[in-house]
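Below: one structure, written as C-alpha cells.
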Amino acid sequence: MARRLFAGGRVVDPVGGRVAPADVLVDGGRVLEVGRRLDEAGAERVDCRGRHLAPGFVDMHCHLREPGREDEETVASGCRAARAGGFTHVCPMPNTEPAVDTEALVRFLVRRGEDAGLCRVHPVGCCTRGRQGRELADLGGMRAAGCVAVSDDGDWIADARVMRRVLEYAKVFDLPVLSHCELPEFKAGVANEGVVSTRLGLEPVPAAAEAAAAARDVLLAELTGSRLHVCHVSCAATVDVVRRAKERGVAVTAETCPHYLVLNDEAIVGFDSNYRVNPPLRSEVDRRAVVAALEDGVIDAIATDHAPHSREEKETEFGAAAPGIIGLQTAFSLGFEELVLKDVLGLPGFISRLSSVPAQILGLPLPRIAPDCEADFVVLDLDARWQFTPADSLSLSRNTPFLGRELRGRVVATVLGDSLLTSGGGSA
Amino acid sequence: MSFRHRHLLGIEGLSRDDILTVLDQARTFREVLDRPIPVVPALRGRTIVNLFFEPSTRTATSFNLAASRLSAQCVSFSRATSSVTKGESLLDTARNIEAMRADGIIIRHSQPGAPHFLSRRLRAFVVNAGDGPHEHPTQALLDAFTLREHFGDLAGRRILIVGDIAHSRVARSNILCFTRLGARVAVCGPPTLLPRYVEELGCSVFYRLDCILGEVDVVNMLRVQAERMTSASLPSLREYRQIYGLTRERLAGLGPSVVVIHPGPVNWAVEMDYDVADFPQSLVLNQVKNGVAVRMAVLYLLAGGREEADG
C-alpha cells in the first residue's frame, strides 16, 4: 500500500464552499492528514503546485451498454473513461439488453465494476419489469444487491397509475425515482421544435413534450410524498415545472448535462448526427434558462448522460442516427468553461454539482477530502487548454461533437483508494 | 463560370446570383429542347446515377431526360430491386455506386439532410431531388423559371403557397427561392399543417384562403396527403377542400392575370378541382417542360464546376 503526499495544491471543499491551500497525505487508500507543509517522510511526493484537489465526481446518469452492446461500451471501458474525466462513482442506467430489472443483474454489474477496479459502480435498476412500464420490478432485491436508484430511462412511464405505484413502492427502500420525461407521442421527433427544425424540415419535438411529462411526475410525487428526480432537463419549461414544485416543497431534484449548457439547436444546421441527442438541443433561450437554473439551484446536479454508439449507428442520416453523446471525459471541462469561467458558479459550487449533490440525491457517502475518509479525489489543472481527440477517448465509442474543440481546465489525475491514475496532460 | 457550388443541396445555400445563373443557363437549354433533335454533347461520357429511395415518377424521369439530353449516361437505382431492402445503409449504397465511377448522384430520400450527409463523404457531386420535408431545390428553380418566363421578373410579385406547408419540401425551397428573387411570399393552411415559426422563413401566414386569395399574383397549390387525417391534422378531405381547395368557384373569382402552379401530382377534387386542368392561366404543364431544362442546367453547371475544381 502506497503512502503518498499530494503537496502544494489547493483543496476544494464543495460542501463548505471553500478553497484553501493544503497538502493531502494518503496512506493505505485513506486520507491520513490534510494541512499545510505536511511531513513527507516515507511518502511518495506528488507535486500538486498550481493544481486543485477536489472530491471525486459522481455521474448519476450514464450508459455503459453492458450487458448487450459490449461493442459500444463495457463497464470496464466506461470506468476507464470515467476515471479520465474525474468520475470515481458511476451509475449505469438499466436500459441494456436485457434490461437491469433483477437482483442478479444488479449484482452482475457491481461485480463487473469490482473486476475493473477503477470506479465504484452503483447501478440504477429498472422501475418496471423489462422496462415495459407495466409491472413493478423487484426493487427490494435490486436494492439489496447495490442499486441506488430506479429508472426506466430511455422511456417515460406513460401509465400514470404505474408511475404512482413505482413512486410509492420506492419509498420502502428509500430509492429516488429518476424520470426520463418525454411524452411518447412525440418520440418520432428528432429536433427541438423551433426556427431551426422548421428550416431543416426535421420532425419537431416541442419542449412541452418534456415539460408536460415532468409536470405529471411532479404531481404524482407530490401525491405520494416520494422522491422524484428529473433527468436531463433541457428546456426553460421544465425548469419552470421543477422550480414551482420545489417552491411547494415537493421532494424533487433535477439534473442537466454538459451539452445542454454549451450548445443550442443552431448546432444541428449541418445535419451532423453527432449533435443528435435526446432530449434534443434546444433554443438559446432554453440553454440560458438551464444555465440560470444551475446557478439558482433549481437544477441540482450535472450528469453526463454518456451515451456511446457504434459508428454505423451514427454515420447515417441525422434523423435515422441513434441519439446520444459520449460525455465522461469532457464533462468537467465543458462545465468549467461555461459555469466557472463565465462566473455562473464558483469552483466549489460547480464541483458540488458534479460530486456532493448527486451523492446526496443517491444516498451515497459525500465524497470529502478529510482525515479518515477513503481517498477519493481528483487533481485539476484549471489553466489547461486542450483538445479531446479520438485517440484520447477511452470509451469504445467516439460519438461526440466536442472532438477538436478547445477545452479549458482538465482533470489530470484521479485518486480512488490506493489507485492513482493520470489522465494525460502531464503528471499530477 | 460563376456557379461555385460542388453540390446542389438546397436553395438555402444559394445567393440570388447563383439562382439567376442556373435560370439563365436553363433558358439556353430550353431552346435546345425545342429543336428537332433536342440533344447537346455537353456531358458526353459522364455517368449520373438516380438514387431514389422514395417513389417518384416525374422527378426521376425529368432528371433522366435531362441527363440524356446532355448526352450523359443516366442509371436509375430503385429501392424495390436494390439491396436497400436487405438492410444496406445509405452510406454503403452510395459508396458502392460511387465505386462504379459515377460522376454525379441525384438523391431522393425521406430523411432531411441525407444529401448533405452523402456530399461530405463522396467525391461525386450530389443533387438533392427531395430530402423529406426539407428541400426540393430543382422544383423551386423550375417554378421560378416558369414564373419568370410568364412575368419577366419576380420582384414585387405576390406569391401564395397553399396547403401542407409542414410536410412540404417544395414549400421550404420555394419560400427561399421566391423571396431571394424579390417576391413577397405568403403561406396559407391550417395551423396543424404549418410549422411553428414558419414566418421566420420570410413569409406571412394566413389560416383562411379566402382572406388572401384576392390579393395575389400567383397561387402555388401543394398536394395534401390522405395520411394527414390519421395523424389528426385534418378532419376530412371534404372540409379541407371547402376551406383550402382551389375550387371551381374560387377559380372563377381569380383575376385575369393570376396564374396557378402545382408541383404535381395533383389530388383532383381535394386541393384543386379538375377545372384547373383546363384553366388558361394554369402553368402546370409549363412547369413539367421547364423542369427538364432546369435540371439540365443544374447537371451541366455542377459537372462543369467539378472539372474546374479537379483541374
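Identifiers in this document derive from the order of the C-alpha cells: chains are assigned A, B, ..., residues are numbered from 1 separately in each chain, and ligands are numbered from 1 in order of occurrence.
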
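Within 10 Å of chain B, chain A contributes the residues A:Glu193, A:Gly194, A:Val195, A:Val196, A:Ser197, A:Thr198, A:Arg199, A:Leu200, A:Gly201, A:Leu202, A:Glu203, A:Pro204, A:Pro206, A:Val269, A:Gly270, A:Phe271, A:Asp272, A:Ser273, A:Glu312, A:Glu313, A:Glu315, A:Thr316, A:Glu317, A:Phe318, A:Gly319, A:Ala320, using only C-alpha atoms.
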
Leu301 (chain B) environment, 12 Å, only C-alpha atoms, sequence neighbours closer than 4 positions dropped, as a short mmCIF file (atom, residue, chain, number, x, y, z; two decimals) with C-alpha atoms, in the first residue's frame:
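Once everything was written out, this is result.cif:
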```cif
data_model
loop_
_atom_site.label_atom_id
_atom_site.label_comp_id
_atom_site.auth_asym_id
_atom_site.auth_seq_id
_atom_site.Cartn_x
_atom_site.Cartn_y
_atom_site.Cartn_z
CA MET B 1 -18.49 30.20 -64.87
CA SER B 2 -19.95 31.96 -61.88
CA PHE B 3 -21.52 28.88 -60.26
CA ARG B 4 -19.13 27.90 -57.50
CA HIS B 5 -21.02 25.10 -55.80
CA ARG B 6 -19.87 21.49 -55.80
CA HIS B 7 -23.34 20.20 -54.97
CA LEU B 8 -26.93 21.36 -55.12
CA ASP B 18 -26.47 31.68 -58.07
CA ILE B 19 -30.17 31.21 -58.74
CA THR B 21 -27.01 31.69 -63.12
CA VAL B 22 -29.00 28.44 -63.11
CA LEU B 23 -32.07 30.08 -64.61
CA ASP B 24 -30.07 31.78 -67.37
CA GLN B 25 -28.37 28.51 -68.20
CA ALA B 26 -31.74 26.80 -68.22
CA PHE B 29 -31.28 24.55 -72.69
CA ALA B 42 -22.08 18.71 -73.16
CA LEU B 43 -21.74 15.79 -70.74
CA LEU B 70 -26.87 16.34 -72.26
CA GLY B 104 -22.94 12.69 -60.07
CA PHE B 125 -21.43 15.75 -57.00
CA VAL B 127 -28.10 16.86 -56.30
CA VAL B 294 -33.65 23.49 -65.33
CA ARG B 295 -32.29 20.06 -64.40
CA MET B 296 -30.07 20.10 -67.48
CA ALA B 297 -28.71 23.43 -66.27
CA GLY B 305 -17.79 23.07 -61.83
CA ARG B 306 -16.24 19.73 -60.99
CA GLU B 307 -13.96 19.84 -63.96
CA GLU B 308 -12.61 23.19 -62.84
#
```

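Residues with any atom within 6 Å of region 118-131 of chain A, counting only C-alpha atoms and excluding same-chain neighbours fewer than 2 positions away, are A:Cys79, A:Thr88, A:His89, A:Val90, A:Cys91, A:Pro92, A:Met93, A:Pro94, A:Ala99, A:Val100, A:Asp101, A:Val110, A:Gly113, A:Ala116, A:Gly133, A:Glu135, A:Leu136, A:Ala137, A:Cys147, A:Val148, A:Ala149, A:Val150, A:Ser151, A:Asp152.
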
So that I have them on file, write out the residues from the current selection with C-alpha atoms, as an mmCIF file, in the first residue's frame.
```cif
data_model
loop_
_atom_site.group_PDB
_atom_site.id
_atom_site.type_symbol
_atom_site.label_atom_id
_atom_site.label_comp_id
_atom_site.auth_asym_id
_atom_site.auth_seq_id
_atom_site.Cartn_x
_atom_site.Cartn_y
_atom_site.Cartn_z
ATOM 1 C CA CYS A 79 -14.944 3.171 -15.998
ATOM 2 C CA THR A 88 -14.878 7.905 -9.319
ATOM 3 C CA HIS A 89 -18.532 6.874 -8.995
ATOM 4 C CA VAL A 90 -20.765 5.947 -11.919
ATOM 5 C CA CYS A 91 -24.407 4.982 -12.094
ATOM 6 C CA PRO A 92 -25.107 2.994 -15.249
ATOM 7 C CA MET A 93 -28.680 3.222 -16.477
ATOM 8 C CA PRO A 94 -30.577 -0.052 -16.847
ATOM 9 C CA ALA A 99 -32.746 -4.514 -19.043
ATOM 10 C CA VAL A 100 -31.382 -4.485 -15.495
ATOM 11 C CA ASP A 101 -34.528 -5.346 -13.578
ATOM 12 C CA VAL A 110 -21.455 -4.443 -9.360
ATOM 13 C CA GLY A 113 -17.224 -2.835 -11.637
ATOM 14 C CA ALA A 116 -12.437 -3.450 -13.440
ATOM 15 C CA GLY A 133 -43.892 0.363 -17.955
ATOM 16 C CA GLU A 135 -45.400 -4.243 -13.707
ATOM 17 C CA LEU A 136 -43.140 -3.321 -10.809
ATOM 18 C CA ALA A 137 -39.571 -4.627 -10.930
ATOM 19 C CA CYS A 147 -28.839 -0.489 -6.740
ATOM 20 C CA VAL A 148 -29.015 3.188 -5.655
ATOM 21 C CA ALA A 149 -31.934 4.481 -7.734
ATOM 22 C CA VAL A 150 -34.553 3.256 -10.173
ATOM 23 C CA SER A 151 -35.368 4.478 -13.661
ATOM 24 C CA ASP A 152 -36.931 3.348 -16.924
#
```

Exercise. Any idea what's packed within 8 Å of region 93-102 of chain B, counting only C-alpha atoms, ignoring anything in its chain fewer than 5 positions away? Could you give it as a PyMOL selection string?
Worked result: chain B and resi 46-49+83-84+88+118+122-124

Problem set entry | For Val284 (chain B): contacts at 12 Å, only C-alpha atoms, fewer than 6 positions along chain excluded, given as a ChimeraX atom specification | /B:142-143,146-147,219-222,259-266,276-278,290-291

Check the DSSP output for the backbone and give back, as a compact mmCIF listing (two decimals) with N, CA and C atoms, in the first residue's frame, the residues of region 28-217 of chain A in strand (DSSP E).
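Full text of result.txt as output:
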```
# COMPACT_ATOMS: atom_id res chain seq x y z
N ARG A 30 -6.40 5.61 2.34
CA ARG A 30 -7.22 6.54 3.12
C ARG A 30 -6.45 7.85 3.32
N VAL A 31 -7.22 8.90 3.51
CA VAL A 31 -6.60 10.18 3.80
C VAL A 31 -6.18 10.19 5.27
N LEU A 32 -4.88 10.44 5.50
CA LEU A 32 -4.40 10.48 6.89
C LEU A 32 -4.51 11.89 7.46
N GLU A 33 -4.10 12.84 6.61
CA GLU A 33 -3.96 14.19 7.13
C GLU A 33 -4.16 15.18 6.01
N VAL A 34 -4.76 16.33 6.33
CA VAL A 34 -4.89 17.43 5.38
C VAL A 34 -4.39 18.67 6.09
N GLY A 35 -3.38 19.35 5.54
CA GLY A 35 -2.88 20.54 6.23
C GLY A 35 -1.70 21.14 5.51
N GLU A 44 5.69 8.95 -1.10
CA GLU A 44 5.97 9.38 -2.46
C GLU A 44 5.36 10.76 -2.63
N ARG A 45 6.17 11.72 -3.10
CA ARG A 45 5.66 13.08 -3.22
C ARG A 45 5.02 13.26 -4.60
N VAL A 46 3.79 13.72 -4.61
CA VAL A 46 3.11 14.05 -5.87
C VAL A 46 2.99 15.56 -5.91
N ASP A 47 3.68 16.16 -6.85
CA ASP A 47 3.75 17.62 -6.89
C ASP A 47 2.43 18.18 -7.42
N HIS A 52 -5.49 22.01 -8.36
CA HIS A 52 -6.55 21.96 -7.36
C HIS A 52 -6.91 20.51 -7.09
N LEU A 53 -7.21 20.21 -5.84
CA LEU A 53 -7.70 18.88 -5.47
C LEU A 53 -9.17 19.01 -5.07
N ALA A 54 -9.98 18.13 -5.60
CA ALA A 54 -11.42 18.20 -5.30
C ALA A 54 -11.95 16.78 -5.13
N PRO A 55 -13.03 16.61 -4.40
CA PRO A 55 -13.61 15.27 -4.24
C PRO A 55 -13.95 14.65 -5.59
N PHE A 57 -15.80 12.86 -8.68
CA PHE A 57 -17.12 13.18 -9.26
C PHE A 57 -18.01 11.93 -9.26
N VAL A 58 -19.31 12.20 -9.21
CA VAL A 58 -20.32 11.14 -9.19
C VAL A 58 -21.22 11.34 -10.40
N ASP A 59 -21.15 10.41 -11.37
CA ASP A 59 -22.03 10.54 -12.53
C ASP A 59 -23.28 9.73 -12.30
N MET A 60 -24.36 10.43 -12.01
CA MET A 60 -25.59 9.72 -11.66
C MET A 60 -26.38 9.26 -12.89
N HIS A 61 -25.84 9.47 -14.09
CA HIS A 61 -26.61 9.09 -15.28
C HIS A 61 -25.65 8.83 -16.44
N CYS A 62 -25.33 7.55 -16.67
CA CYS A 62 -24.52 7.22 -17.84
C CYS A 62 -24.99 5.87 -18.39
N PHE A 87 -14.48 11.07 -12.75
CA PHE A 87 -15.59 10.39 -12.08
C PHE A 87 -15.08 9.14 -11.38
N THR A 88 -15.27 9.09 -10.08
CA THR A 88 -14.88 7.90 -9.32
C THR A 88 -16.11 7.06 -8.96
N HIS A 89 -17.28 7.61 -9.22
CA HIS A 89 -18.53 6.87 -9.00
C HIS A 89 -19.39 7.01 -10.25
N VAL A 90 -19.89 5.89 -10.74
CA VAL A 90 -20.76 5.95 -11.92
C VAL A 90 -22.03 5.14 -11.68
N CYS A 91 -23.11 5.64 -12.23
CA CYS A 91 -24.41 4.98 -12.09
C CYS A 91 -24.93 4.61 -13.48
N PRO A 92 -24.64 3.39 -13.92
CA PRO A 92 -25.11 2.99 -15.25
C PRO A 92 -26.62 2.81 -15.27
N ARG A 120 -16.28 3.14 -8.39
CA ARG A 120 -17.38 2.48 -7.71
C ARG A 120 -18.58 2.51 -8.66
N VAL A 121 -19.11 1.33 -8.93
CA VAL A 121 -20.25 1.24 -9.84
C VAL A 121 -21.51 1.06 -9.01
N VAL A 124 -28.22 1.67 -11.53
CA VAL A 124 -29.61 2.10 -11.46
C VAL A 124 -30.44 0.93 -11.99
N GLY A 125 -31.46 0.55 -11.25
CA GLY A 125 -32.31 -0.56 -11.69
C GLY A 125 -33.55 -0.04 -12.37
N ALA A 149 -30.80 3.71 -7.23
CA ALA A 149 -31.93 4.48 -7.73
C ALA A 149 -32.63 3.62 -8.76
N VAL A 150 -33.85 4.01 -9.12
CA VAL A 150 -34.55 3.26 -10.17
C VAL A 150 -34.99 4.20 -11.28
N SER A 151 -35.02 3.67 -12.49
CA SER A 151 -35.37 4.48 -13.66
C SER A 151 -35.72 3.58 -14.83
N VAL A 177 -36.60 7.99 -7.68
CA VAL A 177 -37.07 7.56 -8.99
C VAL A 177 -36.60 8.59 -10.02
N LEU A 178 -35.76 8.14 -10.95
CA LEU A 178 -35.19 9.04 -11.95
C LEU A 178 -36.07 8.96 -13.20
N SER A 179 -36.67 10.07 -13.55
CA SER A 179 -37.64 10.00 -14.65
C SER A 179 -37.13 10.65 -15.93
N ALA A 191 -35.68 16.77 -33.55
CA ALA A 191 -35.07 18.09 -33.34
C ALA A 191 -36.02 18.95 -32.53
N ASN A 192 -35.44 19.86 -31.76
CA ASN A 192 -36.27 20.78 -30.99
C ASN A 192 -37.20 21.56 -31.92
N PRO A 204 -40.24 17.73 -35.62
CA PRO A 204 -40.00 18.50 -34.40
C PRO A 204 -40.56 17.84 -33.15
N VAL A 205 -39.89 18.08 -32.02
CA VAL A 205 -40.43 17.69 -30.73
C VAL A 205 -40.43 18.96 -29.86
```
